[in-house]
Structure formats: structure tokens, C-alpha cells
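Written below as C-alpha cells is the structure these notes are about.
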Amino acid sequence: MSGHDSKYFTTTKKGEIHELKEELNSQYKDKKKDAVKKVIAAMTVGKDVSMLFTDVVNCMQTENLELKKLVYLYLINYAKSQPDLAILAVNTFVKDSQDPNPLIRALAVRTMGCIRVDKITEYLCDPLQRCLKDDDPYVRKTAAICVAKLHDINAELVEDRGFLEILKDLISDSNPMVVANAVAALAEIQEGTTKIIFEITNHTLFKLLAALNECTEWGQVFILDALSRYKAKDVRDAENIVERVTPRLQHANCAVVLSAVKVILQQMELITSTDVVRNLCKKMAPPLVTLISAEPEIQYVALRNINLIVQRRPTILAHEIKVFFCKYNDPIYVKMEKLEIMIKLASDRNIDQVLLEFKEYATEVDVDFVRKAVRAIGRCAIKLERAAERCISVLLELIKLKVNYVVQEAIVVIKDIFRRYPNTYESIIATLCENLDNLDEPEAKASMIWIIGEYAERIDNADELLEGFLETFPEETAQVQLQLLTATVKLFLKKPTEGPQQMIQVVLNNATQETDNPDLRDRAYIYWRLLSTDPEAAKDVVLAEKPTINDDSNMLEPSLLDELLSNIATLASVYHKPPDSFVSRVRATVQRDDDEEYAAESLDPESSSAPVSEITTSVAAPGGVPGQPAAAPDLLGDLMGLDGSADQQSMTRSLPVLLSASAGQGLQISGKLVRRNGQVVYSLTFENSSQIPLDGFMIQFNKNTFGLAAAAPLQLPPLVPGRSESVALPMVMYQNVAPGPPNSLLQVAVKNNQQPVWYFNDKISIEALFGEDGKMERQHFLETWKTIPDSHEFIKELPSVCVNSVESAIQKLQATNLFFIARRAQKETRQELLYLSAKVPPNIVFLLELATVVGTAGVKCAVKTVSPEMAPLLFDALEALLST
């Protein structure tokens with residue numbers, strides 16, 4: 001459905017089923033299509049329109065592709081509840097699977113795969129067999145995914161009909177997207193069985209590496225994940241794989257980057273050359289650092305993965321510790337992860353600057369973050385023996401601040417330092433004893449009591465200090481009571497005078513008679529018997545030398561770390577848990593809804609294929625919140641052949657600042673026009689660094705070349721100081737058109753209830769306006785080029801632009817709906833010529849020819865368009881896109 005079809009969702013009529021039935025059986029095509037749209041709209045908002053099943057199915061036999069897609073969507077939704085009637089559609093499916101149009105062939109076989117009705121499954125086999133060997137690669141790649149869906153319904157049928165063998169043959173296909181989808185399907189099937197279905201051989205390894213450079217980003221993720229499970233034969237084999245995978249580290253999609261890192265880490269285990277390993281570590285550092293400059297949610301995912309990587313290969317980021325320093329506006333979950341990584345990367349060389357950072361964090365306002373920072377100082381002291389004294393000095397400075405929770409956390413970590421370095425730093429005990437009145441948390445109390453008991457012979461008034469704690473013994477937690485019991489026994493054994501003797505009697509009576517805690521009671525009885533029978537034996541037991549504690553910054557077991565590293569870029573690497581601990585492998589429980597599976601692939605032949613119901617999904621889609629499920633797909637948008645890949649890539653980059661905090665009295669606005677699910681969206685981020693909450697936000701756009709205006713009010717919650725909020729504002733075109741020659745200026749006004757109106761200028765990115773219908777067949781492109789007069793052809797040199805890879809340039813342009821048509825090479829000039837097409841609503845067509853010498857600065861652009869005044873805007877967009 002297009003943006004103008006929202007009217008179908010606004011009906012409030014009741015009893016409309018009869019009326020819809022009449023319209024569905026109308027002899028007029030337009031009336032019939034409108035009726036189907038109304039049915040889909042009603043279905044989408046939750047109304048039951050299953051009684052119209054027969055009438056909707058009768059609309060299947062049409063040449064109108066949009067109508068056919070809508071009917072197929074209806075079928076997917078209601079086939080389960082009407083299995084007998086669903087068989088009525090089989091003949092049309094079979095007929096459509098042989099249609100001359102490859103889009104219709106692919107649509108038919110995909111839809112049949114999504115209708116999970118056993119009675120239809122057997123009818124799917126013959127069309128699927130034909131489509132797997134279809135001449136069109138788009139049909140083949142769609143059919144490959146369908147095999148995985150069919151295997152999920154009836155595994156025996158798939159094996160009997162030889163679909164698995166055909167799927168394995170598709171790994172040698174000439175089209176890289178077919179290869180990627182075949183790999184994805186085989187990997188999905190392998191997940192659900194213990195039999196070896198998919199095994200990479202030397203032959204398939206070469207094919208996968210060859211396809212890696214040509215396919216889309218999701219295809220690259222599938223192939224890289226498959227390569228990560230391949231065990232290289234020898235060092236040379238491993239080095240060859242790493243060499244072919246390393247360029248993926250420069251990819252814009254963070255899922256591709258993390259998957260490439262996973263493959264390289266796996267193969268590095270076999271590489272023995274220290275020079276090669278050192279160079280690979282250097283190459284992996286910049287892309288990992290780049291991930292940390294993305295939005296907080298992506299940062300979090302990247303940091304969780306980096307946390308694992310540095311436990312295995314700390315040298316990768318040993319010189320990049322500064323990038324993990326916390327920013328004032330980082331969310332707390334990002335700050336906590338950064339602290340963990342800083343502890344792991346801390347060394348004798350950088351400990352001074354790390355301690356300065358930790359000391360600064362310990363004065364922040366967030367209590368949890370402060371506690372973590374203080375504990376981080378203690379962990380660094382335990383990890384680095386030569387830096388322990390400096391860490392102690394910083395902790396003492398923090399104790400002098402007399403902030404309650406800082407003091408308590410410092411005492412907890414100092415207790416661990418005493419255990420790590422016995423008889424070294426006990427001179428600070430006096431300072432700790434000055435802060436007994438500030439202790440009200442069980443862990444801090446227990447730590448201080450342990451220190452008093454452990455060093456009772458060095459503390460003159462140890463009995464008085466313990467007596468103060470004993471006054472509230474019955475009310476204390478079990479943790480404190482246990483420490484009090486042990487500390488009192490230690491005091492008695494070290495100073496067997498009258499005072500401690502009376503104290504021990506009181507404690508033992510309380511612990512054996514006044515408590516319900518079995519641990520406390522049992523320990524008290526053991527101490528009592530030891531003391532009453534053999535005090536010397538009691539000394540040997542209670543005052544025995546304790547083992548020193550070790551650095552716990554690399555907390556994971558080696559075997560668990562290996563498993564998590566093999567699952568980098570999945571949920572396992574975010575949770576730091578093996579997949580089996582949170583994912584049930586029972587097929588029924590990991591199934592996605594049929595309509596969701598249907599929407600997983602865009603109908604655009606050049607678009608990327610989404611993952612096939614893989615529960616441990618690759619983490620790449622920007623904007624996901626840690627610990628929350630991904631947003632549901634835009635079902636109607638995907639069905640109509642629209643895909644959000646351009647927006648996804650643009651969202652991974654930080655938004656340009658439109659109104660700075662200094663100009664906006666503490667309000668900073670960043671934003672950019674992007675395209676999402678076939679609609680122009682103004683992606684905005686509002687940051688409040690003022691001292692007051694801001695609310696009541698409104699936005700207004702001045703007249704502009706494309707008539708861009710807000711399609712809905714600005715929905716922004718109240719913005720409290722120190723927080724930021726992001727919003728995606730839907731836009732409409734040609735509502736507010738400015739007269740005069742075209743330009744890219746977008747003038748915006750924003751107001752709120754507390755501040756004056758803010759005005760700022762933005763630049764219209766014409767690539768955000770490119771429609772999904774801009775793709776042309778090669779013959780149509782040539783005919784259109786000839787029909788546009790030469791006076792409408794414009795040429796511009798882009799001297800500073802350098803294309804290092806034609807494939808990546810094509811991928812980058814296609815992500816913005818600049819569609820690739822053809823490519824040819826001129827041997828005499830070594831130039832690569834690329835031909836592309838694009839369309840801006842309502843019907844402004846751009847035909848492009850780009851000429852470049854790979855690896856050399858300078859790109860020559862020629863464009864033909866029916867609107868010559870738009871050519872400068874296109875040139876600006878091309879320069880920006882090819883320069884990134």
C-alpha cells in the first residue's frame with residue numbers, strides 16, 4: 001500500500017462485511033482493488049474478515065501485481081483457519097509459478113511456503129522444483145528460502161524430493177544472492193537436525209569466498225557465519241580465508257563487521273606467524289572503535305562483543321583505551337560496559353590515566369555508576385601489583401570526601417586488596433576505622449568487621465569496635481552475623497583477655513539460641529566445640545593462612561569463552577550465555593508467525609534477504625534496545641516491495657547537528673531526512689543540557705522545492721535535563737511547494753513551552769526522496785535514454801571522489817534506491833562505466849552514467865533527466881554518497 005492508502009484504515013462503519021462482499025465481486029477492477037485494500041486494512045487492525053475468504057480468493061486471477069500481493073497476504077493470514085478453502089487457491093499458485101514475470105513466480109512460491117497447511121504442502125513441491133532451477137536469480141534465491149520453510153513443515157518430503165541436493169548445488173550458482181540464500185537455508189535446516197546437512201568443502205569454500213564481495217550485507221552475514229563454522233586444514237588455508245574476509249571489516253553494517261571479526265578470530269587460532277597475528281589485530285581495532293561511535297543501543301551490543309574479544313585478544317584494543325572513556329550523556333548501561341572493558345585493558349602503562357577517569361566517575365551523581373567506578377579501582381589494584389599503591393591512594397582520597405556510599409564501596413574493595421596483598425597496606429586501617437559510623441549496608445559492614453577481626457592484634461581498640469557492632473547483632477543480616485561471629489572468635493584467639501572472652505560468650509549464645517539461620521548456628525557450634533576442647537586446634541583452623549584472591553577481570557571459563565566467541569554477533573554474545581541456556585531448540589517454539597516470515601524478504605529483486613527465522617539472530621539492525629525484542633516488521637511496507645535498508649544504513653551514522661546547544665540555550669537538535677519503508681522520514685534527536693525540563697514540542701517547515709511538510713504532529717515526551725530523545729517524523733511531499741528554481745534548502749522552526757521559537761536550516765538529501773519504483777529493465781533504460789533530448793543531459797566531474805571498489809559503490813548507491821542497471825569496462829582507458837536509474841515522485845526520472853578508474857581520484861557523472869533543474873541536487877547527492 002502506498003502512503004495515500006491510509007484512508008482505508010479510518011473507516012468507522014459497522015456491518016460493512018456485506019458491502020465489502022459486493023465490492024469484491026464487482027466487475028470493475030479499480031473497485032475490486034479498493035475492496036481488497038479495505039479488507040487488508042480491517043485485517044491489519046484486528047477485525048475478523050475470514051468470512052470473505054472465497055470472495056478474496058476469487059480476486060487472485062489478476063494481472064495487477066499490487067492486487068495479487070494483497071490477496072496473497074490475506075491468504076497467509078487466514079489459510080490456517082480455512083484449510084479446506086485454501087486449496088481453492090492452489091491452481092492459481094501453480095499457474096503463477098510459471099508466469100512470464102519473475103516477480104510473480106517468486107511471489108507465488110514464497111507465499112505457498114508461508115501457508116503452513118499440510119494439505120497444500122504436497123502441491124508446493126513441483127512449483128518449488130521448477131523455481132529452484134529458474135532462469136531468473138531472484139526466483140532461485142526466493143525458492144532457496146522456501147526449501148527451509150518446507151523442511152520445517154515436512155522434513156521427509158524435502159529429503160525425498162531431493163531439495164537438499166539442489167540447495168547444495170545452488171552454492172555454486174553464478175548469482176551471489178542465490179549463494180547467500182542457499183547458505184542461509186542450509187544453515188537454518190542444519191539448526192533443526194543432528195544429521196550433517198551443510199558442510200563446507202574446499203570447493204564450496206572457494207565459491208563462498210567469491211560470492212562474499214558481490215552480495216548484499218545480509219548475504220555477507222550468512223556467508224560469514226557459515227565460514228566461522230569452517231575448520232581450516234592448515235595455516236595457509238586459514239591465512240587465505242582471513243585475507244579474503246578482512247575487507248569486510250570496512251563495511252558500513254555493524255553485523256557484517258562483527259561477523260567478519262568472528263571469522264578472523266576463529267582462523268587466528270591456527271595462524272602461527274606473530275607478524276600476521278599482529279597485523280590482523282591492528283586491522284580489527286579501527287572498525288571496532290567505529291562501532292562505539294554509533295547510537296547507544298549499537299554501542300551496547302558492540303561493547304558486549306568487545307568485552308569477549310579483549311578477553312581472548314587484549315592486544316587488539318590495548319592502545320585504544322581512551323575510546324572507552326565514559327561521556328557525560330552515555331546511558332548507564334553503556335557506561336557500565338565501558339568500565340568493564342577499561343578494567344580488562346588496564347595495564348602498568350595506562351593505569352594513571354585510567355585511575356584519573358575512575359576518580360572522576362566516583363564523583364558522578366548516578367549512585368550505581370559511582371559504586372561500579374570505586375569497585376573498578378579495587379579490581380585494577382588486584383590485577384596490577386605495581387599499581388596497587390596508587391589505587392589505594394585514590395581510594396583514600398575518595399574516602400575523605402565522606403560520601404556515604406563511596407566510603408562503603410571503598411571499604412569493600414580495600415578488604416579484597418588486603419586479601420590480595422597480605423601484610424602490605426595495613427597502615428590505612430586507622431583511616432578506615434574513622435568511618436565506622438557511616439556504615440549501614442550489609443556488605444560494607446561485613447567487610448569492615450572482617451578487617452577488624454583479621455588485624456585485631458594491630459588495632460588497639462578492636463574489642464570496642466566489635467562491641468559496637470554486637471549491640472545490633474540480632475537485627476543484622478546473615479552476612480554480617482557470620483562475619484561478626486568469626487571476627488569475635490579471631491579477636492578472642494589473638495587477645496584472650498577478659499573483654500573478648502565475655503564477647504565470645506554473648507555471640508555464641510546469640511548464634512546458637514536466638515537465631516533461625518542454620519549456617520550461623522552450625523558455625524557457632526563448631527567454634528564453641530573447638531574453643532572448649534582444643535584452643536590450639538581452633539587457632540590452626542580459624543587463623544590459618546588464607547589463599548590470596550586472584551584477578552577476576554577475565555571471569556569467563558575458557559570453554560565458555562570459546563563458545564561465546566563462536567557466537568559473536570548473536571544474542572549469545574550480548575547475554576554472555578551459551579545459546580542453549582536461553583533458546584529452546586524445539587522447532588515449534590522458535591517458529592515465527594507466517595506473516596512475519598512472509599514479510600522477512602522484500603519483493604525487490606535487488607534488496608537484501610532477511611534472516612530465516614534464526615532465533616539467535618545476527619545483531620545489526622540499528623535501533624534495537626538491549627534486552628528488548630526487535631520491533632515487528634512493517635508488514636504492509638515489506639509486502640509492497642519496499643525495504644528499509646537505505647534508512648537502516650543512514651541511521652547507523654550519527655545525525656548532523658542542526659541547532660547547537662549553545663545557540664539553543666541548552667537544547668541541541670540533530671537530524672536528517674531519511675527513507676524508511678518507502679516513506680520520507682525526518683529522523684531527529686533532541687538533547688536537553690539545560691537546567692529545566694522542556695515539553696510541548698512543535699515543528700513547522702517553510703515552503704520548499706519538494707513541498708516537504710510534517711505528516712503528523714511531533715510526538716516527543718517531556719525532555720528532562722541531561723536526557724535525549726529520538727523521534728522519526730513522517731513527512732509528505734508537494735504540500736507546501738516554494739516557487740522559483742529548485743534548491744536543497746529546508747527551513748525549519750521548532751518551539752516548546754519553555755523557550756522561544758528556534759529557526760534553523762537543513763539540507764534536503766535528494767536520496768531520501770528516491771522511490772522504490774526507480775528500477776528499470778535494461779531495454780527500458782536504453783529506450784528512455786534515447787527519448788530524453790541531449791539538451792537534458794548534464795555532465796559533472798567529481799575530482800575528489802575515489803572509488804576503491806565498484807561492488808561496494810554499487811551497493812552503497814542501491815541502498816538509497818539508485819538502482820544498478822549495467823556495467824562495462826573500457827580496456828583502453830581502464831575506466832569502469834556504471835549505469836543507474838532513480839525516480840523522485842511524482843515522476844521525475846534520473847538516468848546516470850558514472851565513469852571511474854578504480855583506485856584513482858575522479859569520477860565523471862553524466863545524467864539525463866526530464867527535470868534538468870534537478871540535476872545539481874543529484875550531483876551533490878552523488879558526491880556525498882561516493883565520498884563516505
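FYI, nothing fancy with the C-alpha cells labels: chains A, B, ... in order, residues from 1 per chain, ligands from 1 as they appear.
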
Which residues of region 366-424 of chain A come within 8 Å of region 333-340 of chain A, and for each one, what is the closest pair of atoms and their distance in Å to one decimal, counting only C-alpha atoms, sorted by chain and residue number, as JSON lines?
{"residue": "A:Phe369", "atom": "CA", "partner": "A:Met336", "partner_atom": "CA", "distance": 6.9}
{"residue": "A:Lys372", "atom": "CA", "partner": "A:Met336", "partner_atom": "CA", "distance": 7.4}
{"residue": "A:Ala373", "atom": "CA", "partner": "A:Leu339", "partner_atom": "CA", "distance": 7.2}
{"residue": "A:Ala376", "atom": "CA", "partner": "A:Leu339", "partner_atom": "CA", "distance": 7.2}

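Excluding Gly219 (chain A) itself and any same-chain residue fewer than 3 positions from it, the protein and nucleic acid residues within 9 Å of it, counting only C-alpha atoms, are Pro176, Met177, Val178, Val179, Ala180, Asn181, Val183, Ala184, Ala211, Leu212, Cys215, Thr216, Phe222, Ile223, Leu224, Ser608, Ser609 and Ala610 of chain A.
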
Counting only C-alpha atoms, what is within 12 Å of Glu63 (chain A), bar same-chain residues fewer than 6 positions away, as an mmCIF file with all heavy atoms, in the first residue's frame?
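That gives us out_0.cif:
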data_model
loop_
_atom_site.group_PDB
_atom_site.id
_atom_site.type_symbol
_atom_site.label_atom_id
_atom_site.label_comp_id
_atom_site.auth_asym_id
_atom_site.auth_seq_id
_atom_site.Cartn_x
_atom_site.Cartn_y
_atom_site.Cartn_z
ATOM 1 N N LYS A 29 -12.374 -3.278 -12.088
ATOM 2 C CA LYS A 29 -11.098 -3.655 -11.483
ATOM 3 C C LYS A 29 -10.703 -2.724 -10.338
ATOM 4 O O LYS A 29 -10.239 -3.174 -9.279
ATOM 5 C CB LYS A 29 -9.997 -3.657 -12.543
ATOM 6 C CG LYS A 29 -10.165 -4.756 -13.582
ATOM 7 C CD LYS A 29 -9.014 -4.714 -14.597
ATOM 8 C CE LYS A 29 -9.185 -5.828 -15.633
ATOM 9 N NZ LYS A 29 -8.117 -5.783 -16.660
ATOM 10 N N LYS A 33 -10.063 -3.711 -6.439
ATOM 11 C CA LYS A 33 -8.793 -3.499 -5.753
ATOM 12 C C LYS A 33 -8.986 -2.684 -4.476
ATOM 13 O O LYS A 33 -8.407 -2.989 -3.427
ATOM 14 C CB LYS A 33 -7.789 -2.788 -6.674
ATOM 15 C CG LYS A 33 -6.411 -2.658 -6.059
ATOM 16 C CD LYS A 33 -5.357 -2.291 -7.083
ATOM 17 C CE LYS A 33 -5.393 -0.814 -7.393
ATOM 18 N NZ LYS A 33 -4.245 -0.395 -8.222
ATOM 19 N N LYS A 69 -0.538 -9.251 -4.657
ATOM 20 C CA LYS A 69 0.209 -9.268 -3.395
ATOM 21 C C LYS A 69 -0.728 -9.138 -2.197
ATOM 22 O O LYS A 69 -0.551 -9.808 -1.173
ATOM 23 C CB LYS A 69 1.223 -8.114 -3.367
ATOM 24 C CG LYS A 69 2.367 -8.262 -4.338
ATOM 25 C CD LYS A 69 3.206 -6.992 -4.335
ATOM 26 C CE LYS A 69 4.295 -7.041 -5.392
ATOM 27 N NZ LYS A 69 5.027 -5.778 -5.485
ATOM 28 N N THR A 92 -4.173 -21.450 -8.842
ATOM 29 C CA THR A 92 -3.645 -20.121 -9.187
ATOM 30 C C THR A 92 -2.175 -20.020 -8.802
ATOM 31 O O THR A 92 -1.365 -19.438 -9.529
ATOM 32 C CB THR A 92 -4.465 -19.021 -8.484
ATOM 33 O OG1 THR A 92 -5.849 -19.202 -8.786
ATOM 34 C CG2 THR A 92 -4.014 -17.643 -8.944
ATOM 35 N N ASP A 96 0.710 -19.212 -11.345
ATOM 36 C CA ASP A 96 1.576 -18.039 -11.142
ATOM 37 C C ASP A 96 3.047 -18.439 -11.074
ATOM 38 O O ASP A 96 3.933 -17.660 -11.415
ATOM 39 C CB ASP A 96 1.190 -17.315 -9.849
ATOM 40 C CG ASP A 96 -0.076 -16.477 -10.017
ATOM 41 O OD1 ASP A 96 -0.551 -16.371 -11.163
ATOM 42 O OD2 ASP A 96 -0.579 -15.961 -9.005
ATOM 43 N N ASP A 99 4.432 -18.012 -14.441
ATOM 44 C CA ASP A 99 4.152 -16.735 -15.101
ATOM 45 C C ASP A 99 5.417 -16.185 -15.761
ATOM 46 O O ASP A 99 6.530 -16.401 -15.259
ATOM 47 C CB ASP A 99 3.637 -15.741 -14.046
ATOM 48 C CG ASP A 99 3.020 -14.506 -14.675
ATOM 49 O OD1 ASP A 99 3.784 -13.565 -15.013
ATOM 50 O OD2 ASP A 99 1.789 -14.497 -14.843
ATOM 51 N N PRO A 100 5.291 -15.471 -16.879
ATOM 52 C CA PRO A 100 6.490 -14.878 -17.517
ATOM 53 C C PRO A 100 7.212 -13.865 -16.627
ATOM 54 O O PRO A 100 8.420 -13.670 -16.759
ATOM 55 C CB PRO A 100 5.917 -14.185 -18.769
ATOM 56 C CG PRO A 100 4.591 -14.824 -19.004
ATOM 57 C CD PRO A 100 4.076 -15.247 -17.678
ATOM 58 N N ASN A 101 6.468 -13.223 -15.713
ATOM 59 C CA ASN A 101 7.070 -12.217 -14.828
ATOM 60 C C ASN A 101 7.767 -12.913 -13.652
ATOM 61 O O ASN A 101 7.122 -13.596 -12.854
ATOM 62 C CB ASN A 101 5.980 -11.279 -14.305
ATOM 63 C CG ASN A 101 6.559 -10.106 -13.519
ATOM 64 O OD1 ASN A 101 7.680 -10.172 -13.009
ATOM 65 N ND2 ASN A 101 5.795 -9.039 -13.428
ATOM 66 N N LEU A 103 8.841 -11.731 -10.903
ATOM 67 C CA LEU A 103 8.321 -11.261 -9.607
ATOM 68 C C LEU A 103 7.118 -12.096 -9.179
ATOM 69 O O LEU A 103 6.973 -12.451 -8.007
ATOM 70 C CB LEU A 103 7.938 -9.787 -9.689
ATOM 71 C CG LEU A 103 9.055 -8.756 -9.609
ATOM 72 C CD1 LEU A 103 8.471 -7.361 -9.738
ATOM 73 C CD2 LEU A 103 9.801 -8.883 -8.302
ATOM 74 N N ILE A 104 6.249 -12.390 -10.143
ATOM 75 C CA ILE A 104 5.043 -13.170 -9.822
ATOM 76 C C ILE A 104 5.418 -14.621 -9.513
ATOM 77 O O ILE A 104 4.876 -15.234 -8.584
ATOM 78 C CB ILE A 104 4.029 -13.080 -10.978
ATOM 79 C CG1 ILE A 104 3.501 -11.639 -11.086
ATOM 80 C CG2 ILE A 104 2.891 -14.072 -10.780
ATOM 81 C CD1 ILE A 104 2.517 -11.416 -12.207
#

Inset, instruction - Could you give me the residues within region 48-247 of chain A that DSSP places in alpha helix (DSSP H), as a VMD selection string? - result: chain A and resid 53 to 57 65 to 78 83 to 86 90 to 96 102 to 114 118 to 132 137 to 153 155 to 160 163 to 170 176 to 191 202 to 212 217 to 228 235 to 245

Inset, instruction - With a distance cut-off of 8 Å and only C-alpha atoms, select the neighbouring residues of Leu694 (chain A), excluding the residue or stretch itself and same-chain residues fewer than 3 positions from it, and output the selection as a list in words. - result: Asn688, Phe697, Pro718, Leu719, Val720, Asn752, Asn753 and Gln754 of chain A

Would you list the contacts of Gly671 (chain A) as a PDB file with C-alpha atoms, in the first residue's frame, taking every protein, DNA or RNA residue within 8 Å and counting only C-alpha atoms, but skipping same-chain residues closer than 4 positions in sequence?
ATOM      1  CA  LEU A 655      22.935  12.661  12.767  1.00  0.00           C
ATOM      2  CA  PRO A 656      24.342  16.117  11.883  1.00  0.00           C
ATOM      3  CA  VAL A 657      23.716  18.901  14.417  1.00  0.00           C
ATOM      4  CA  LEU A 658      21.122  21.393  13.172  1.00  0.00           C
ATOM      5  CA  TYR A 682      12.741  13.253   9.344  1.00  0.00           C
ATOM      6  CA  SER A 683      14.964  11.462  11.873  1.00  0.00           C
ATOM      7  CA  LEU A 684      15.508  13.864  14.786  1.00  0.00           C
ATOM      8  CA  THR A 685      17.314  13.720  18.127  1.00  0.00           C
TER       9      THR A 685
END

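Rounded to one decimal, CA of Ser97 (chain A) and CA of Glu772 (chain A) lie 24.0 Å from each other.
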
Inset, instruction - Identify, on the basis of only C-alpha atoms, every residue whose closest approach to Trp758 (chain A) does not exceed 9 Å; exclude the query and any residue fewer than 4 positions from it along the same chain; express the result as number ranges by chain. - result: A: 659, 663-664, 748-751
